[in-house]
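Chemist: Take a look at work_37.pdb, PDB, C-alpha atoms:
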ATOM      1  CA  MET A 237      33.645   5.603  26.469
ATOM      2  CA  ALA A 238      36.699   7.156  28.179
ATOM      3  CA  SER A 239      39.622   4.882  28.891
ATOM      4  CA  HIS A 240      40.975   3.815  32.240
ATOM      5  CA  LEU A 241      43.962   6.163  31.748
ATOM      6  CA  LYS A 242      41.730   9.138  30.882
ATOM      7  CA  HIS A 243      39.857   8.667  34.156
ATOM      8  CA  ILE A 244      43.169   8.548  36.025
ATOM      9  CA  GLU A 245      44.133  11.846  34.365
ATOM     10  CA  GLN A 246      40.865  13.419  35.464
ATOM     11  CA  TRP A 247      41.316  11.999  38.972
ATOM     12  CA  LYS A 248      44.712  13.727  39.125
ATOM     13  CA  HIS A 249      43.215  16.934  37.715
ATOM     14  CA  ASN A 250      40.481  17.019  40.398
ATOM     15  CA  ARG A 251      43.032  16.045  43.044
ATOM     16  CA  ALA A 252      45.247  18.987  42.062
ATOM     17  CA  PHE A 253      42.263  21.362  42.191
ATOM     18  CA  LEU A 254      41.233  19.978  45.586
ATOM     19  CA  ALA A 255      44.622  20.897  47.028
ATOM     20  CA  THR A 256      44.061  24.547  46.095
ATOM     21  CA  ILE A 257      40.680  25.056  47.823
ATOM     22  CA  SER A 258      40.607  27.007  51.063
ATOM     23  CA  ALA A 259      38.861  25.723  54.195
ATOM     24  CA  GLU A 260      36.505  28.668  53.753
ATOM     25  CA  TYR A 261      34.783  26.583  51.067
ATOM     26  CA  PRO A 262      33.997  23.197  52.643
ATOM     27  CA  ASP A 263      31.165  22.658  50.126
ATOM     28  CA  TRP A 264      33.621  22.855  47.225
ATOM     29  CA  VAL A 265      36.256  20.820  49.063
ATOM     30  CA  VAL A 266      33.668  18.054  49.424
ATOM     31  CA  THR A 267      32.516  18.410  45.814
ATOM     32  CA  ALA A 268      36.060  18.260  44.421
ATOM     33  CA  ALA A 269      36.901  15.309  46.691
ATOM     34  CA  PHE A 270      33.778  13.521  45.496
ATOM     35  CA  TYR A 271      34.626  14.019  41.806
ATOM     36  CA  ALA A 272      38.207  12.891  42.414
ATOM     37  CA  ALA A 273      36.747   9.736  43.996
ATOM     38  CA  LEU A 274      34.279   9.297  41.150
ATOM     39  CA  HIS A 275      37.027   9.334  38.498
ATOM     40  CA  ALA A 276      39.158   6.950  40.540
ATOM     41  CA  ILE A 277      36.178   4.573  40.642
ATOM     42  CA  ASP A 278      35.406   5.006  36.948
ATOM     43  CA  ALA A 279      39.065   4.197  36.243
ATOM     44  CA  LEU A 280      38.520   0.908  38.071
ATOM     45  CA  LEU A 281      35.213   0.169  36.325
ATOM     46  CA  THR A 282      36.709   0.771  32.866
ATOM     47  CA  PHE A 283      39.771  -1.292  33.850
ATOM     48  CA  ASP A 284      37.363  -4.111  34.783
ATOM     49  CA  GLY A 285      35.467  -3.784  31.509
ATOM     50  CA  VAL A 286      32.184  -2.682  33.088
ATOM     51  CA  PRO A 287      30.100  -1.106  30.297
ATOM     52  CA  ALA A 288      29.762   2.689  30.303
ATOM     53  CA  ILE A 289      28.197   3.952  33.520
ATOM     54  CA  VAL A 290      25.754   6.675  32.553
ATOM     55  CA  SER A 291      24.363   7.805  35.906
ATOM     56  CA  HIS A 292      25.110   8.031  39.620
ATOM     57  CA  ASP A 293      22.371   5.452  40.217
ATOM     58  CA  ALA A 294      23.973   2.990  37.810
ATOM     59  CA  ARG A 295      27.409   3.494  39.401
ATOM     60  CA  ASN A 296      26.032   3.098  42.925
ATOM     61  CA  ARG A 297      24.101  -0.014  41.933
ATOM     62  CA  THR A 298      27.156  -1.594  40.357
ATOM     63  CA  LEU A 299      29.307  -0.868  43.413
ATOM     64  CA  ARG A 300      26.640  -2.128  45.784
ATOM     65  CA  GLN A 301      25.836  -5.325  43.934
ATOM     66  CA  THR A 302      29.348  -6.493  43.079
ATOM     67  CA  ASN A 303      31.318  -8.195  45.849
ATOM     68  CA  ARG A 304      34.641  -6.903  44.482
ATOM     69  CA  TYR A 305      33.491  -3.303  45.026
ATOM     70  CA  GLN A 306      31.701  -3.495  48.360
ATOM     71  CA  LYS A 307      34.593  -2.215  50.477
ATOM     72  CA  LEU A 308      34.918   0.660  48.043
ATOM     73  CA  TYR A 309      31.195   1.357  48.244
ATOM     74  CA  LYS A 310      31.387   1.737  52.026
ATOM     75  CA  ALA A 311      33.838   4.620  51.621
ATOM     76  CA  TYR A 312      32.217   6.093  48.513
ATOM     77  CA  GLU A 313      28.616   6.183  49.743
ATOM     78  CA  PRO A 314      29.189   8.675  52.628
ATOM     79  CA  LEU A 315      31.112  10.972  50.281
ATOM     80  CA  TYR A 316      28.355  10.722  47.659
ATOM     81  CA  SER A 317      25.663  11.465  50.233
ATOM     82  CA  LEU A 318      27.575  14.416  51.687
ATOM     83  CA  SER A 319      28.351  15.935  48.277
ATOM     84  CA  ARG A 320      24.716  15.657  47.182
ATOM     85  CA  THR A 321      23.574  17.683  50.161
ATOM     86  CA  VAL A 322      26.264  20.170  51.068
ATOM     87  CA  ARG A 323      26.342  22.128  47.830
ATOM     88  CA  TYR A 324      22.635  22.925  48.083
ATOM     89  CA  LEU A 325      22.728  24.244  51.625
ATOM     90  CA  ALA A 326      22.603  27.926  52.452
ATOM     91  CA  GLU A 327      25.052  27.394  55.325
ATOM     92  CA  PRO A 328      27.378  24.563  54.306
ATOM     93  CA  ARG A 329      29.900  25.398  57.010
ATOM     94  CA  LYS A 330      27.310  24.412  59.617
ATOM     95  CA  TRP A 331      26.731  21.048  57.949
ATOM     96  CA  ILE A 332      30.365  20.028  57.660
ATOM     97  CA  ALA A 333      32.860  21.158  60.286
ATOM     98  CA  ALA A 334      36.224  22.341  58.920
ATOM     99  CA  ALA A 335      37.974  19.987  61.343
ATOM    100  CA  GLU A 336      36.283  17.004  59.682
ATOM    101  CA  ILE A 337      37.634  17.767  56.207
ATOM    102  CA  PRO A 338      41.079  16.230  56.770
ATOM    103  CA  THR A 339      40.004  13.634  59.327
ATOM    104  CA  ARG A 340      36.917  12.309  57.558
ATOM    105  CA  VAL A 341      36.555  13.600  53.975
ATOM    106  CA  PHE A 342      40.200  13.126  52.964
ATOM    107  CA  THR A 343      40.295   9.799  54.789
ATOM    108  CA  LEU A 344      37.339   8.524  52.743
ATOM    109  CA  LEU A 345      38.947   9.737  49.523
ATOM    110  CA  HIS A 346      42.229   8.095  50.452
ATOM    111  CA  GLU A 347      40.479   4.789  51.245
ATOM    112  CA  ILE A 348      38.747   4.872  47.856
ATOM    113  CA  GLU A 349      41.954   5.666  45.991
ATOM    114  CA  THR A 350      43.940   3.005  47.829
ATOM    115  CA  SER A 351      41.285   0.374  47.036
ATOM    116  CA  VAL A 352      41.112   1.423  43.385
ATOM    117  CA  PHE A 353      44.853   1.315  42.872
ATOM    118  CA  LYS A 354      45.085  -2.014  44.645
ATOM    119  CA  LEU A 355      42.320  -3.503  42.490
ATOM    120  CA  THR A 356      43.775  -2.121  39.262
ATOM    121  CA  LYS A 357      47.306  -3.034  40.377
ATOM    122  CA  ALA A 358      48.285   0.513  39.405
ATOM    123  CA  ASP A 359      51.603   1.736  40.660
ATOM    124  CA  ILE A 360      50.289   5.104  41.833
ATOM    125  CA  THR A 361      50.638   6.452  45.337
ATOM    126  CA  PRO A 362      47.944   9.034  46.038
ATOM    127  CA  PRO A 363      49.564  12.262  47.199
ATOM    128  CA  THR A 364      48.823  13.112  50.823
ATOM    129  CA  LEU A 365      46.308  15.913  51.301
ATOM    130  CA  SER A 366      46.862  18.287  54.164
ATOM    131  CA  ALA A 367      44.128  20.267  55.897
ATOM    132  CA  PRO A 368      42.926  23.111  53.670
ATOM    133  CA  SER A 369      44.307  26.463  54.720
ATOM    134  CA  ALA A 370      41.841  28.974  56.148
TER     135      ALA A 370
ATOM    136  CA  MET B 228      17.325 -12.616   8.730
ATOM    137  CA  THR B 229      15.772 -14.931  11.265
ATOM    138  CA  ASP B 230      14.370 -13.580  14.443
ATOM    139  CA  PRO B 231      16.540 -14.684  17.383
ATOM    140  CA  ALA B 232      13.453 -14.548  19.572
ATOM    141  CA  THR B 233      12.056 -17.513  17.692
ATOM    142  CA  THR B 234      15.260 -19.366  16.771
ATOM    143  CA  ASN B 235      16.867 -19.421  20.192
ATOM    144  CA  GLY B 236      13.756 -20.088  22.216
ATOM    145  CA  PRO B 237      13.061 -18.683  25.662
ATOM    146  CA  ILE B 238      15.678 -18.258  28.390
ATOM    147  CA  ARG B 239      14.275 -20.225  31.289
ATOM    148  CA  ILE B 240      14.958 -19.357  34.915
ATOM    149  CA  ASP B 241      13.817 -21.878  37.465
ATOM    150  CA  ALA B 242      13.539 -20.672  41.064
ATOM    151  CA  GLY B 243      14.420 -24.151  42.298
ATOM    152  CA  ASP B 244      17.566 -24.668  40.237
ATOM    153  CA  ASP B 245      18.776 -21.163  39.409
ATOM    154  CA  ALA B 246      17.944 -19.037  42.466
ATOM    155  CA  ARG B 247      21.579 -18.067  43.149
ATOM    156  CA  ARG B 248      22.652 -17.829  39.511
ATOM    157  CA  THR B 249      23.868 -14.395  38.344
ATOM    158  CA  ILE B 250      21.856 -12.778  35.565
ATOM    159  CA  VAL B 251      23.329  -9.802  33.680
ATOM    160  CA  LEU B 252      20.785  -7.586  31.910
ATOM    161  CA  LYS B 253      21.950  -4.942  29.456
ATOM    162  CA  PRO B 254      19.255  -2.490  28.303
ATOM    163  CA  GLU B 255      19.587  -0.278  25.213
ATOM    164  CA  ASP B 256      21.019   2.691  27.146
ATOM    165  CA  ASN B 257      24.146   0.744  28.123
ATOM    166  CA  ASP B 258      23.103   0.611  31.742
ATOM    167  CA  LEU B 259      23.917  -2.670  33.445
ATOM    168  CA  PHE B 260      21.888  -4.697  35.905
ATOM    169  CA  VAL B 261      23.453  -7.597  37.751
ATOM    170  CA  ARG B 262      20.877  -9.676  39.612
ATOM    171  CA  THR B 263      20.428 -13.141  40.985
ATOM    172  CA  ALA B 264      17.740 -15.255  39.391
ATOM    173  CA  ARG B 265      15.814 -15.009  42.666
ATOM    174  CA  GLN B 266      15.809 -11.206  42.385
ATOM    175  CA  VAL B 267      14.643 -11.342  38.753
ATOM    176  CA  ILE B 268      11.726 -13.516  39.807
ATOM    177  CA  ASP B 269      10.970 -11.163  42.709
ATOM    178  CA  HIS B 270      11.032  -8.166  40.365
ATOM    179  CA  CYS B 271       8.560  -9.848  38.024
ATOM    180  CA  GLN B 272       6.250 -10.652  40.896
ATOM    181  CA  LEU B 273       6.492  -7.082  42.164
ATOM    182  CA  GLY B 274       5.797  -5.805  38.669
ATOM    183  CA  ILE B 275       2.347  -7.316  38.814
ATOM    184  CA  SER B 276       1.561  -6.315  42.368
ATOM    185  CA  LEU B 277       1.669  -2.733  43.551
ATOM    186  CA  GLU B 278       0.043  -3.918  46.736
ATOM    187  CA  LEU B 279       2.984  -6.217  47.398
ATOM    188  CA  TRP B 280       5.454  -3.381  46.701
ATOM    189  CA  LEU B 281       3.681  -1.133  49.235
ATOM    190  CA  LYS B 282       3.764  -3.952  51.744
ATOM    191  CA  GLU B 283       7.499  -4.354  51.187
ATOM    192  CA  LEU B 284       7.998  -0.599  51.565
ATOM    193  CA  ASP B 285       6.102  -0.685  54.870
ATOM    194  CA  SER B 286       8.301  -3.543  56.064
ATOM    195  CA  LEU B 287      11.461  -1.695  55.025
ATOM    196  CA  SER B 288      10.244   1.486  56.740
ATOM    197  CA  GLU B 289       9.598  -0.476  59.934
ATOM    198  CA  ALA B 290      13.070  -2.000  59.724
ATOM    199  CA  VAL B 291      14.618   1.438  59.200
ATOM    200  CA  ALA B 292      12.665   2.874  62.149
ATOM    201  CA  ALA B 293      13.816  -0.006  64.384
ATOM    202  CA  TRP B 294      17.380   0.513  63.138
ATOM    203  CA  CYS B 295      17.149   4.238  64.010
ATOM    204  CA  VAL B 296      16.190   3.325  67.583
ATOM    205  CA  THR B 297      19.122   0.970  68.073
ATOM    206  CA  GLN B 298      21.616   3.037  66.096
ATOM    207  CA  GLY B 299      20.877   6.343  67.837
ATOM    208  CA  GLY B 300      21.932   9.719  66.468
ATOM    209  CA  VAL B 301      18.907  10.040  64.167
ATOM    210  CA  ARG B 302      16.519  12.884  64.864
ATOM    211  CA  SER B 303      14.075  12.283  62.057
ATOM    212  CA  CYS B 304      13.576  10.084  59.009
ATOM    213  CA  TYR B 305      11.283  10.415  56.008
ATOM    214  CA  CYS B 306      11.137   8.379  52.834
ATOM    215  CA  THR B 307       9.838   9.112  49.380
ATOM    216  CA  PRO B 308      10.055   7.633  45.889
ATOM    217  CA  GLN B 309      12.349   9.683  43.610
ATOM    218  CA  GLY B 310      12.488   8.532  40.017
ATOM    219  CA  ALA B 311      12.942   4.778  40.035
ATOM    220  CA  ARG B 312      14.255   4.558  43.586
ATOM    221  CA  VAL B 313      13.169   4.985  47.181
ATOM    222  CA  VAL B 314      15.145   7.539  49.186
ATOM    223  CA  PHE B 315      15.303   7.699  52.971
ATOM    224  CA  PHE B 316      16.193  11.154  54.279
ATOM    225  CA  MET B 317      17.843  11.009  57.685
ATOM    226  CA  SER B 318      18.309  14.099  59.810
ATOM    227  CA  PRO B 319      21.104  13.561  62.328
ATOM    228  CA  ALA B 320      20.608  14.558  65.953
ATOM    229  CA  ARG B 321      23.449  17.064  66.070
ATOM    230  CA  ASN B 322      22.340  18.867  62.891
ATOM    231  CA  GLN B 323      25.689  18.267  61.195
ATOM    232  CA  PHE B 324      26.628  15.573  58.720
ATOM    233  CA  ASP B 325      27.360  12.537  60.904
ATOM    234  CA  PHE B 326      30.135  10.394  59.390
ATOM    235  CA  ASP B 327      29.574   7.521  61.805
ATOM    236  CA  LEU B 328      25.902   7.472  60.870
ATOM    237  CA  ALA B 329      26.901   7.563  57.185
ATOM    238  CA  ASP B 330      29.174   4.525  57.685
ATOM    239  CA  ALA B 331      26.359   2.673  59.436
ATOM    240  CA  LEU B 332      23.895   3.597  56.678
ATOM    241  CA  ALA B 333      26.263   2.301  53.998
ATOM    242  CA  GLU B 334      26.427  -0.972  55.923
ATOM    243  CA  PHE B 335      22.624  -1.064  56.261
ATOM    244  CA  SER B 336      22.153  -0.445  52.547
ATOM    245  CA  LEU B 337      24.490  -3.350  51.756
ATOM    246  CA  GLN B 338      23.376  -5.861  54.353
ATOM    247  CA  GLN B 339      19.731  -5.204  55.164
ATOM    248  CA  ALA B 340      18.006  -3.096  52.495
ATOM    249  CA  PRO B 341      18.428  -5.780  49.763
ATOM    250  CA  HIS B 342      16.140  -8.085  51.763
ATOM    251  CA  PHE B 343      13.203  -5.835  50.866
ATOM    252  CA  ASN B 344      11.879  -5.980  47.320
ATOM    253  CA  VAL B 345      11.305  -2.308  46.672
ATOM    254  CA  GLY B 346      14.035  -1.786  44.083
ATOM    255  CA  HIS B 347      16.892   0.667  44.444
ATOM    256  CA  VAL B 348      17.114   2.280  47.902
ATOM    257  CA  ASP B 349      19.242   5.312  48.820
ATOM    258  CA  PHE B 350      19.941   6.953  52.166
ATOM    259  CA  HIS B 351      20.803  10.622  52.527
ATOM    260  CA  GLN B 352      21.500  12.859  55.462
ATOM    261  CA  VAL B 353      19.929  16.298  55.374
ATOM    262  CA  PRO B 354      19.449  19.012  58.012
ATOM    263  CA  LEU B 355      15.939  18.783  59.461
ATOM    264  CA  ASP B 356      15.322  22.504  59.030
ATOM    265  CA  GLU B 357      16.038  22.231  55.292
ATOM    266  CA  LEU B 358      14.292  18.913  54.683
ATOM    267  CA  ASP B 359      11.664  20.502  52.446
ATOM    268  CA  ARG B 360      14.393  21.584  50.022
ATOM    269  CA  PHE B 361      15.143  17.947  49.253
ATOM    270  CA  LEU B 362      11.721  16.328  49.153
ATOM    271  CA  ASN B 363       8.033  17.120  49.010
ATOM    272  CA  ILE B 364       6.988  16.548  52.608
ATOM    273  CA  ARG B 365       3.323  16.137  51.667
ATOM    274  CA  ASN B 366       4.130  13.153  49.460
ATOM    275  CA  ALA B 367       6.687  11.656  51.809
ATOM    276  CA  LYS B 368       6.224   8.965  54.411
ATOM    277  CA  TRP B 369       7.257   9.817  57.951
ATOM    278  CA  VAL B 370       9.336   6.898  59.211
ATOM    279  CA  TYR B 371      10.897   7.874  62.510
ATOM    280  CA  GLY B 372      11.519  10.646  65.037
ATOM    281  CA  GLU B 373      10.576  14.267  65.033
ATOM    282  CA  PRO B 374       8.059  15.304  62.349
ATOM    283  CA  PHE B 375       9.232  18.151  60.137
ATOM    284  CA  GLU B 376       6.274  20.471  60.754
ATOM    285  CA  ALA B 377       6.554  20.175  64.539
ATOM    286  CA  HIS B 378      10.216  21.083  64.285
ATOM    287  CA  ARG B 379       9.440  24.117  62.126
ATOM    288  CA  ALA B 380       6.676  25.264  64.515
ATOM    289  CA  MET B 381       9.114  25.156  67.436
ATOM    290  CA  GLU B 382      11.580  27.396  65.679
ATOM    291  CA  THR B 383       9.113  30.122  64.673
TER     292      THR B 383
END
Could you show the structure in this file as structure tokens?

Modeler:
Amino acid sequence: MASHLKHIEQWKHNRAFLATISAEYPDWVVTAAFYAALHAIDALLTFDGVPAIVSHDARNRTLRQTNRYQKLYKAYEPLYSLSRTVRYLAEPRKWIAAAEIPTRVFTLLHEIETSVFKLTKADITPPTLSAPSA
Amino acid sequence: MTDPATTNGPIRIDAGDDARRTIVLKPEDNDLFVRTARQVIDHCQLGISLELWLKELDSLSEAVAAWCVTQGGVRSCYCTPQGARVVFFMSPARNQFDFDLADALAEFSLQQAPHFNVGHVDFHQVPLDELDRFLNIRNAKWVYGEPFEAHRAMET
């Protein structure tokens, strides 16, 4: 089972990749944002001593059924749902408007990260993401 | 070595005394289930009654359909079992992922869906014209709004 710090490293890795993706690829922006969020959450779950989470279903269930994580779940669920759909669509740019990437997708990611770092008492300020360049 | 099943005796859960008590179940695959005693009892009862499960699914579907009416912004909704969960596929009215609808669905899945004993429930938004890429329409239950086939017929 990966440690809390390893998940933070992977969160940063996905975060750095996210910053490089052009607005031409909203499907991959969403996917990278989702996996950044996922590692931030797994950092929290390992910090809390939750046994290894082996599936999306198990992670979702844990977030949904634990009071401590419910605020986090409200931000994570829309990102999970969007990422599950958008990468399978033939026209992802129709499904997610470029204008909504910074205003909605990055906002959800930021909410998740802020909650995680608050709950883990980590002294990490998530870097601000600007709108992807076209 | 003595068998703990016989030395420790049964773990008793009493609906009257333990209904709100938290039960943590850890299966062999390291998954984790956190339930109240009431939910454990409900699961056992559902396990012996498929008829009851279908009744619960009907009630949940009716609740989702009523929610769609009051919420607005939903063009169509189907549900289907996928693996060990029930998934509701919502097609938003404007044929784009609707973040406000997603927020409301997250709230619904936290506050209302747990009242129905059908197990794990997920909600996903998908474009109506690509619905059949995400589920088998023939095996799905139409819950609300525009049926998929009617939509397809209009476009051709």

Chemist: Any chance you could work out the residue set of the PyMOL selection byres ((chain B) within 6 of (chain A)) here, as a list of chain:residue names?

Modeler: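 Output from the PyMOL selection byres ((chain B) within 6 of (chain A)), applied to this file: B:Gln323, B:Phe324, B:Ala329, B:Ala333, B:His351.
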
Chemist: Hey, which of A:Leu241, A:Leu308, A:Leu280, A:Ala334 ends up closest to Ala259 in chain A? Count all atoms listed in the file.

Modeler: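 Under the stated criterion, the closest residue is A:Ala334.
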
Chemist: I need the output of the PyMOL selection byres ((chain B and resi 295-306) around 8) for this file as a list in words; which residues are they?

Modeler: Ser288, Val291, Ala292, Ala293, Trp294, Thr307, Pro308, Val313, Val314, Phe315, Phe316, Met317, Ser318, Pro319, Ala320, Arg321, Leu328, Leu355, Ala367, Lys368, Trp369, Val370, Tyr371, Gly372, Glu373, Pro374 and Phe375 of chain B

Chemist: Under the PyMOL selection byres ((chain A and resi 267-278) around 8), which residues of this model are included? Write them out as number ranges by chain.

Modeler: A: 240, 243-244, 246-251, 253-254, 263-266, 279-282, 312, 315-316, 319, 323, 341-342, 345, 348-349, 352

Chemist: To one decimal place in Å, what is the distance between CA of Ile257 in chain A and CA of Ala335 in chain A?

Modeler: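 CA of Ala335 in chain A lies at a distance of 14.7 Å from CA of Ile257 in chain A.
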
Chemist: For each of B:Ala340, B:Leu252, B:Ala264, B:Leu358, take the minimum atom-to-atom distance to Ser286 in chain B, counting all atoms listed in the file, then give the residue where this is smallest.

Modeler: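 Selected residue with least distance to Ser286 in chain B: B:Ala340.
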
Chemist: List as an MDAnalysis selection string the protein and nucleic acid residues near Arg265 in chain B, meaning an atom at most 7 Å away when all atoms listed in the file are counted, but skip any in the same chain fewer than 5 places from it.

Modeler: chainID B and resid 242 246:247

Chemist: What's the separation between CA of Lys282 in chain B and CA of Glu357 in chain B, in Å to one decimal place?

Modeler: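 Taking CA of Lys282 in chain B as the start and CA of Glu357 in chain B as the end point, the length is 29.1 Å.
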
Chemist: Leaving out Asp245 in chain B and any residue of its chain fewer than 2 positions from it, which residues lie within 12 Å of it when counting only C-alpha atoms, given as number ranges by chain?

Modeler: B: 238-243, 247-250, 262-268

Chemist: Quote the spacing between CA of Asp269 in chain B and CA of Asp256 in chain B in Å to one decimal place.

Modeler: 23.1 Å
